[in-house]
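Take a look at the structure below.
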Amino acid sequence: MYNSKSSLLLLLFLINSFIFFCNADSGTKCSNTSSLIGFESNFTMVQHQLRGHFKILDDCSFQVSRFDMLSGSSDVVFWGAVAVDFSNITRGFPISDHRLNQTTYKNASFSIQLLPNVTWDQIKVLSVWDVTTLSDFGHLTLPTNGSDFYPSRVHTMFDNCKNLSGNYRVRWSLNVEDNWIEIGLEAATKTMNYMAFGWANPKGTKELMLGADIAVAAFTEEGRPFVDDFYITSYSECMLHGKDGSAVGVCPDVVYENTTNGMTLNNTKLVYGHRRDGVSFIRFRKPLNSSDDKYDLPVNPTEEMTVIWALGLMKPPDTIRPYYLPQNHGGPMMVAYGHLRLNASENVDDCFGPLDADDKQDQDLIIASAKVPLVVTTGEALHYPNPPNPSKVLYINKKEAPVLRVERGVPVKFSVQTGHNVALYITSDYLGGNATLRNATETIYSGGPEAEGVMASPYELVWAPDRNTPDQVFYQSLYQPKMGWRVEVVDGGLSDMYNNSVFLDDQQVTFFWTISKDSISIAARGEKKSGYLAIAFGGEMVNSYAYVGWIDNAGKGRLNTYWIDGKDASNVHLTNENLTHVRCKSENGIITFEFTRPFNPSCSSHDKKKECKNILDPTTPLRVVWAMGAKWSEHLSERNMHSVTSQRPVRVMLMRGSSEAEQDLRPVLAVHGFMMFLAWGILLPGGILAARYLKHVKGDGWYQIHVYLQYSGLAIILLAVLFAVAELHGFFVSSLHVKFGIAAIFCACVQPVNAYLRPKKPDHGVEASSNRIIWEYFHVNVGRGAIVVGIAALFTGMKHLGERYKGENVHGLSWALIIWFLIGALIVIYLEYRERQRRRDRFLGRGNWVLGNVEEDDSVDLLNPHHASARTGSQNSGLMEVQLEPLSR
């Protein structure tokens, strides 16, 4: 027992010693040699409502306390630089591994270690820096070793802070000895709104505002801060009435009397003011006891007094009232106005964290118009929204780096007059200045090196944002970062964003589309309120591919795709189509959804998923139906199936680019098909049979029949093509039928040209020339090939008709066509048999044959490719061919 206790005590001693020496050792790693140890300063606010106190602890660490900051990006660090100007601070460096990432800090305190290779003498400016956006959230300046340092005053830090409402607070510091109080009014409010704060009349009981001494702070239209001393005599805006021009209402002190004893009546003194992130901040000083005992109330710093406050719209000066005057606050108590008891000498700090405005954008907004060009110039950076900034930034219509709002589908025209060293471009990159130089990637939507010009010779740049343009892009200079600012891309009218539109059945749903090379962008909008909207490609909802848009319980737009093979909820099968640029929204209950999909799903040849069969052919009318209902969910039941559907499908001709529902083209296609059958199934084969099997008839009747039938068939073919093209409003070479048809027509048209170029026939008994033999081979084979390809075009046409109209009567017609050509094949076989028998009999000298066509050398069978060699052989054999006339006709 004793040994075990001794061992345990020894172990504990060793552990404690190890910890002690480790701590001691770790402490020795950081020396205290720098003259900056103990230096303290407050951060100067630049963005993100940053406040805080800074203190250097030793050579390698510092402490931050009372730290407030709105959330930044994913890479916010403490940053060192030699100066705060744009070129120097952007070339700075991180000084620690600590990240202030995507967190809102509220009165936080923490200690930070410097990186091993960083010393205090390398740092002249310490900044809270967003590396992603090159943004300075706040900074302070360190003194140079061995020099006297008088830090510049940081105007946003006070000794005390009190919340007046959820978005309005008052800060103050008191100096009783010098008889002043400095007050900072801070509110998340609009730019042209006022902030009022002051002391109520101590003699008042209920009507606290009457006789109150208040300060009203605001910003001019140019963004300059100001503060005025006001006195309240009535619950109204300041008015001048009566012959003496006396003032009544909420008026500046100077309106009542211009001077008193030679002293000005406005006893408030502006110290500083700014607007950052949608928050107004104005600091001013006023005496505790002023010489104006008529309109100013004495402030006892040790007593609890009633103060009043208000927020509201500030009315700018006019010719009658040359002052900025507050209008009625108008809001509810403790939101737009209120009062409380306050002792100025007591330490108060109940402002936990920074104010966070709903709208943080204070820049001017320019809404682009298709008719008016935007004039782009450069100018001095005065109120650039994302410091630090270069000395020269982009101006649009004489406004410094405004937010530009454009509509999808509406072209925007820029008149670029920035000089030859600034090129405008629209980019996805936040900073601009050519992202590739920073080893980053960007998408350029418009502009580039050529988009530069001067006032005498401006460059006209036209940019047409489409439905695939992101909601936010940036206009920037190609050569220098951070000269431009943000572009808001909003949805315009769907008719602007899409090339074509058509009302579906009953005009309850509008269908929009735009065709690109390999894909189609589609939108659907209901024309009445519903819980969901569905469109489907097919003759009806059953056996169709459906796209359903709805708003889920969280208020988010959703879009799913389905294969429907029945009328029950269990027959609606979720699919996974390759959709991009998907959007779904509801405005006043009207649902609109959009998506882009390829014509051919990206599936492998062995993939048997249902969505792989959802192929769109832009040359084929797309049958579209719709449905709407009260509710939709991913887990369907009979209760949330559709309640309103279209009565019949609408055939949409995608390639026509029109806004009309496609008509029923079956009569047109029937006439086209009959004419092609008449040509390829009767006339052209008949002409070939005449040339093949009627040459034994006396005279050239076979030749006349052959020519007339061929030309008649060719004329009917051309008429049928023209008829189809006229009715379909175009000629689209995409389907197999059209490709076979083009090949067949080409072969048919070659034959007349070939006949015109026919070499001269040889005299009787003279051997045919090689040109004649080649021509005969070509003529025979092209004719046979034309018939084969023409028959293939007939069958593929029937197949195309079946796909277009879901096999209505096509199956029977296809069998009828097969039987027709089988009968034709049997007839050819029979005639070929008779022809070969006739030739054999003639060669043997049997039969009563007519001596006809003695002079016409073309009586030789042109369709027999061996006729030339046979004829040459007979001539070489030395045998004479005798043609006999029968004794009786």
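Convention: chains lettered A, B, ... in structure tokens order; per-chain residue numbering from 1; ligands numbered from 1 as shown.
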DSSP on the backbone, alpha helix (DSSP H) only: what residues of range 434-498 of chain A does that give? Format it as a count of residues only. 4
For range 408-413 of chain A, please output as number ranges by chain all residues within 9 Å (counting only C-alpha atoms; exclusion window: fewer than 6 positions along the same chain). A: 368-375, 460-469, 489-498
Measuring between only C-alpha atoms, which one of A:Thr596, A:His383, A:Thr575, A:Arg583 shows the shortest distance to Ser521 in chain A? A:Thr596
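Between Ala744 in chain A and the residues A:Lys294, A:Ile791, A:Thr144, A:Leu669, the shortest atom-to-atom distance, using only C-alpha atoms, involves A:Ile791.
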Need the shell around Thr268 in chain A: protein/DNA/RNA residues with any atom at most 12 Å away, counting only C-alpha atoms. Skip same-chain ones fewer than 6 positions apart. Format as JSON, numbers by chain? {"A": [180, 181, 182, 183, 197, 198, 213, 214, 215, 216, 217, 226, 227, 228, 229, 230, 252, 253, 254, 282, 283, 284, 285, 286, 287, 288, 289, 290, 292, 296]}
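Residues surrounding Glu442 in chain A within 8 Å are Thr427, Ser428, Asp429, Ala435 and Thr436 of chain A [only C-alpha atoms; sequence separation below 5 positions excluded].
Among the candidate residues A:Ala423, A:Cys238, A:Leu694, A:Leu831, the one lying nearest to Tyr324 in chain A is A:Cys238, with distances computed using only C-alpha atoms.
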